[in-house]
Amino acid sequence: MEILNKLRNLDAYPKINEDFYSRTLSGGLITIVSSITILLLFISELRLYLYAATETKLTVDTARGETLRVNFDVTFPHLACSILSIDAMDISGEQHYDIRHDIMKRRLDHLGNVIESRSDGIGGPKIDRPLQRHGGRLDHNETYCGSCYGAEMSDDECCNSCEEVREAYRKKGWALTNPEMIDQCKREGFIEKVKEEAGEGCNMEGFLEVNKVAGSFHFAPAKSFYQSNIHLFDLMAFQTENSNISHRINKLSFGQKFPGVVNPLDGVEWTQQTSSGMYQYFIKVVPTIYKDIRGRKINSNQFSVTEHFRSADGFTQSLPGVFFFYDFSPIKVSECYSCFKIKPSDKHGC
């Protein structure tokens, strides 16, 4: 107790005897106002000390031969997963049709609830003595080799599933308009599966790896193929003519996410009011380098976008779908953050 009393009496400043001062209301108000002012000044100086100054620098983008990841999450409330596909192509001539790897499809009911998630194909084959390429049925101890129905690229080529037949037709530039005549499609229940999913929606989520050159990718209610240098769709016979391409873009980004980035298409929704057509997004991608206060660097991209709808009325070659056309800006943006204002001579800046 003696030690505590000594600590209480310990004071660096001598106290004035109470007989020499008096407490007043004005003095108390001045004390309160002074304390609040001191606290606000302290908070202001602390925020200024912790504030990360930003420097933005524009340079010419000299990078070549790189690839770019396109991340997407798009919902189509009126297109079934069985007929929805995604294709990508660029000005270098590289083309990818009906891309399936790194993509997840989710079947949706009319309320938007997930019915089923799958990453590839429509079910599995039901093998029940399938038809061989030579015309007979598969016997025991015999290797299965299905017919491609005239689309074989070589004499020993086999098409053992409905998707392989459709792919062979696509390579030939043919449209598969009568899948009910294809043995593989009948065995796999392809037509029944498509009809079963009628009225459902689909959510497609995943990413694409594309070359860093101008190009496009699109979502369409059919498989794509080229014939005489014309881009065509395999619109199947059981599919309705007017496809409702209403959609919601939950997420669309080019490259890795970084703090402060704003993707203008996130959450964008479009509802089709007229007949079927092409909804087009024209995107300008701006390469961006983000560098935080710890020196960690992120190579990514920002983008701006304009939109246009092209109705199928009056255009015989108008293809239904949602198209994204992208091009790259020759200017690169570098954003650097520092606890202090970056000087032009600072070698650690942008």
# chains A, B, ... in the order shown; residues from 1 in each chain; ligands from 1
>>> select_by_dssp(residues="region 19-139 of chain A", states="alpha helix (DSSP H)", output="ChimeraX atom specification")
/A:25-50
>>> atom_distance(atom1="CA of Phe217 (chain A)", atom2="CA of Leu111 (chain A)")
27.7 Å
>>> residues_around(residues="Thr56 (chain A)", least_positions_apart="4", cutoff="8 Å", atoms="only C-alpha atoms", output="list of chain:residue names")
A:Val333, A:Ser334, A:Glu335, A:Cys336, A:Cys350
>>> residues_around(residues="region 263-277 of chain A", least_positions_apart="6", cutoff="7 Å", atoms="only C-alpha atoms", output="VMD selection string")
chain A and resid 242 to 253 304 310 to 312 318 to 321
>>> write_last_selection(atoms="N, CA, C and O atoms", output="PDB file, in the first residue's frame")
ATOM      1  N   ASN A 242     -36.791 -18.960 -82.747  1.00  0.00           N
ATOM      2  CA  ASN A 242     -36.495 -17.740 -82.014  1.00  0.00           C
ATOM      3  C   ASN A 242     -35.910 -18.091 -80.652  1.00  0.00           C
ATOM      4  O   ASN A 242     -36.632 -18.463 -79.735  1.00  0.00           O
ATOM      5  N   SER A 243     -34.613 -17.983 -80.533  1.00  0.00           N
ATOM      6  CA  SER A 243     -33.932 -18.278 -79.272  1.00  0.00           C
ATOM      7  C   SER A 243     -33.901 -17.019 -78.421  1.00  0.00           C
ATOM      8  O   SER A 243     -33.510 -15.945 -78.889  1.00  0.00           O
ATOM      9  N   ASN A 244     -34.310 -17.171 -77.175  1.00  0.00           N
ATOM     10  CA  ASN A 244     -34.315 -16.043 -76.239  1.00  0.00           C
ATOM     11  C   ASN A 244     -32.936 -15.944 -75.606  1.00  0.00           C
ATOM     12  O   ASN A 244     -32.545 -16.774 -74.787  1.00  0.00           O
ATOM     13  N   ILE A 245     -32.183 -14.921 -75.992  1.00  0.00           N
ATOM     14  CA  ILE A 245     -30.801 -14.776 -75.518  1.00  0.00           C
ATOM     15  C   ILE A 245     -30.706 -13.779 -74.357  1.00  0.00           C
ATOM     16  O   ILE A 245     -29.647 -13.186 -74.134  1.00  0.00           O
ATOM     17  N   SER A 246     -31.795 -13.594 -73.629  1.00  0.00           N
ATOM     18  CA  SER A 246     -31.728 -12.771 -72.420  1.00  0.00           C
ATOM     19  C   SER A 246     -30.637 -13.326 -71.507  1.00  0.00           C
ATOM     20  O   SER A 246     -30.484 -14.546 -71.370  1.00  0.00           O
ATOM     21  N   HIS A 247     -29.885 -12.444 -70.876  1.00  0.00           N
ATOM     22  CA  HIS A 247     -28.752 -12.932 -70.090  1.00  0.00           C
ATOM     23  C   HIS A 247     -28.398 -11.945 -68.984  1.00  0.00           C
ATOM     24  O   HIS A 247     -28.793 -10.775 -69.014  1.00  0.00           O
ATOM     25  N   ARG A 248     -27.663 -12.455 -68.025  1.00  0.00           N
ATOM     26  CA  ARG A 248     -27.112 -11.646 -66.941  1.00  0.00           C
ATOM     27  C   ARG A 248     -25.635 -11.988 -66.788  1.00  0.00           C
ATOM     28  O   ARG A 248     -25.277 -13.168 -66.656  1.00  0.00           O
ATOM     29  N   ILE A 249     -24.785 -10.966 -66.835  1.00  0.00           N
ATOM     30  CA  ILE A 249     -23.341 -11.161 -66.667  1.00  0.00           C
ATOM     31  C   ILE A 249     -23.015 -10.973 -65.187  1.00  0.00           C
ATOM     32  O   ILE A 249     -22.978  -9.852 -64.680  1.00  0.00           O
ATOM     33  N   ASN A 250     -22.817 -12.066 -64.494  1.00  0.00           N
ATOM     34  CA  ASN A 250     -22.473 -11.990 -63.077  1.00  0.00           C
ATOM     35  C   ASN A 250     -21.036 -11.515 -62.875  1.00  0.00           C
ATOM     36  O   ASN A 250     -20.742 -10.781 -61.924  1.00  0.00           O
ATOM     37  N   LYS A 251     -20.171 -11.941 -63.790  1.00  0.00           N
ATOM     38  CA  LYS A 251     -18.758 -11.549 -63.680  1.00  0.00           C
ATOM     39  C   LYS A 251     -18.106 -11.653 -65.049  1.00  0.00           C
ATOM     40  O   LYS A 251     -18.320 -12.618 -65.777  1.00  0.00           O
ATOM     41  N   LEU A 252     -17.310 -10.652 -65.399  1.00  0.00           N
ATOM     42  CA  LEU A 252     -16.490 -10.707 -66.604  1.00  0.00           C
ATOM     43  C   LEU A 252     -15.246  -9.863 -66.360  1.00  0.00           C
ATOM     44  O   LEU A 252     -15.338  -8.670 -66.079  1.00  0.00           O
ATOM     45  N   SER A 253     -14.090 -10.493 -66.454  1.00  0.00           N
ATOM     46  CA  SER A 253     -12.833  -9.783 -66.223  1.00  0.00           C
ATOM     47  C   SER A 253     -11.757 -10.346 -67.131  1.00  0.00           C
ATOM     48  O   SER A 253     -11.832 -11.491 -67.585  1.00  0.00           O
ATOM     49  N   SER A 304     -13.123  -0.957 -71.067  1.00  0.00           N
ATOM     50  CA  SER A 304     -14.343  -0.185 -71.277  1.00  0.00           C
ATOM     51  C   SER A 304     -15.174  -0.924 -72.312  1.00  0.00           C
ATOM     52  O   SER A 304     -14.662  -1.772 -73.048  1.00  0.00           O
ATOM     53  N   ARG A 310     -28.357  -6.456 -82.551  1.00  0.00           N
ATOM     54  CA  ARG A 310     -28.660  -6.579 -83.976  1.00  0.00           C
ATOM     55  C   ARG A 310     -29.758  -7.610 -84.147  1.00  0.00           C
ATOM     56  O   ARG A 310     -29.544  -8.807 -83.943  1.00  0.00           O
ATOM     57  N   SER A 311     -30.931  -7.148 -84.509  1.00  0.00           N
ATOM     58  CA  SER A 311     -32.069  -8.041 -84.661  1.00  0.00           C
ATOM     59  C   SER A 311     -31.899  -8.918 -85.892  1.00  0.00           C
ATOM     60  O   SER A 311     -31.263  -8.532 -86.887  1.00  0.00           O
ATOM     61  N   ALA A 312     -32.484 -10.116 -85.832  1.00  0.00           N
ATOM     62  CA  ALA A 312     -32.397 -11.044 -86.963  1.00  0.00           C
ATOM     63  C   ALA A 312     -33.332 -10.636 -88.097  1.00  0.00           C
ATOM     64  O   ALA A 312     -33.214 -11.159 -89.207  1.00  0.00           O
ATOM     65  N   SER A 318     -27.855 -13.425 -89.752  1.00  0.00           N
ATOM     66  CA  SER A 318     -27.734 -13.013 -88.362  1.00  0.00           C
ATOM     67  C   SER A 318     -27.834 -14.231 -87.460  1.00  0.00           C
ATOM     68  O   SER A 318     -28.814 -14.977 -87.508  1.00  0.00           O
ATOM     69  N   LEU A 319     -26.826 -14.457 -86.640  1.00  0.00           N
ATOM     70  CA  LEU A 319     -26.744 -15.644 -85.801  1.00  0.00           C
ATOM     71  C   LEU A 319     -27.151 -15.300 -84.380  1.00  0.00           C
ATOM     72  O   LEU A 319     -26.656 -14.330 -83.803  1.00  0.00           O
ATOM     73  N   PRO A 320     -28.054 -16.051 -83.775  1.00  0.00           N
ATOM     74  CA  PRO A 320     -28.467 -15.754 -82.399  1.00  0.00           C
ATOM     75  C   PRO A 320     -27.340 -16.046 -81.421  1.00  0.00           C
ATOM     76  O   PRO A 320     -26.643 -17.061 -81.538  1.00  0.00           O
ATOM     77  N   GLY A 321     -27.165 -15.165 -80.469  1.00  0.00           N
ATOM     78  CA  GLY A 321     -26.137 -15.392 -79.467  1.00  0.00           C
ATOM     79  C   GLY A 321     -25.679 -14.092 -78.834  1.00  0.00           C
ATOM     80  O   GLY A 321     -26.114 -12.999 -79.199  1.00  0.00           O
TER      81      GLY A 321
END
>>> closest_residue(among="A:Lys171, A:His218, A:Arg187, A:Lys297", to="Gln280 (chain A)", atoms="only C-alpha atoms")
A:His218
>>> atom_distance(atom1="CA of Arg69 (chain A)", atom2="CA of Ile115 (chain A)")
28.3 Å
>>> residues_around(residues="Thr306 (chain A)", least_positions_apart="4", cutoff="12 Å", atoms="only C-alpha atoms", output="list in words")
Pro264, Leu265, Tyr279, Gln280, Tyr281, Phe282, Ile283, Lys284, Phe323, Phe324, Phe325 and Tyr326 of chain A
>>> residues_around(residues="Phe76 (chain A)", least_positions_apart="3", cutoff="6 Å", atoms="only C-alpha atoms", output="list in words")
Leu79, Gly201, Cys202 and His247 of chain A
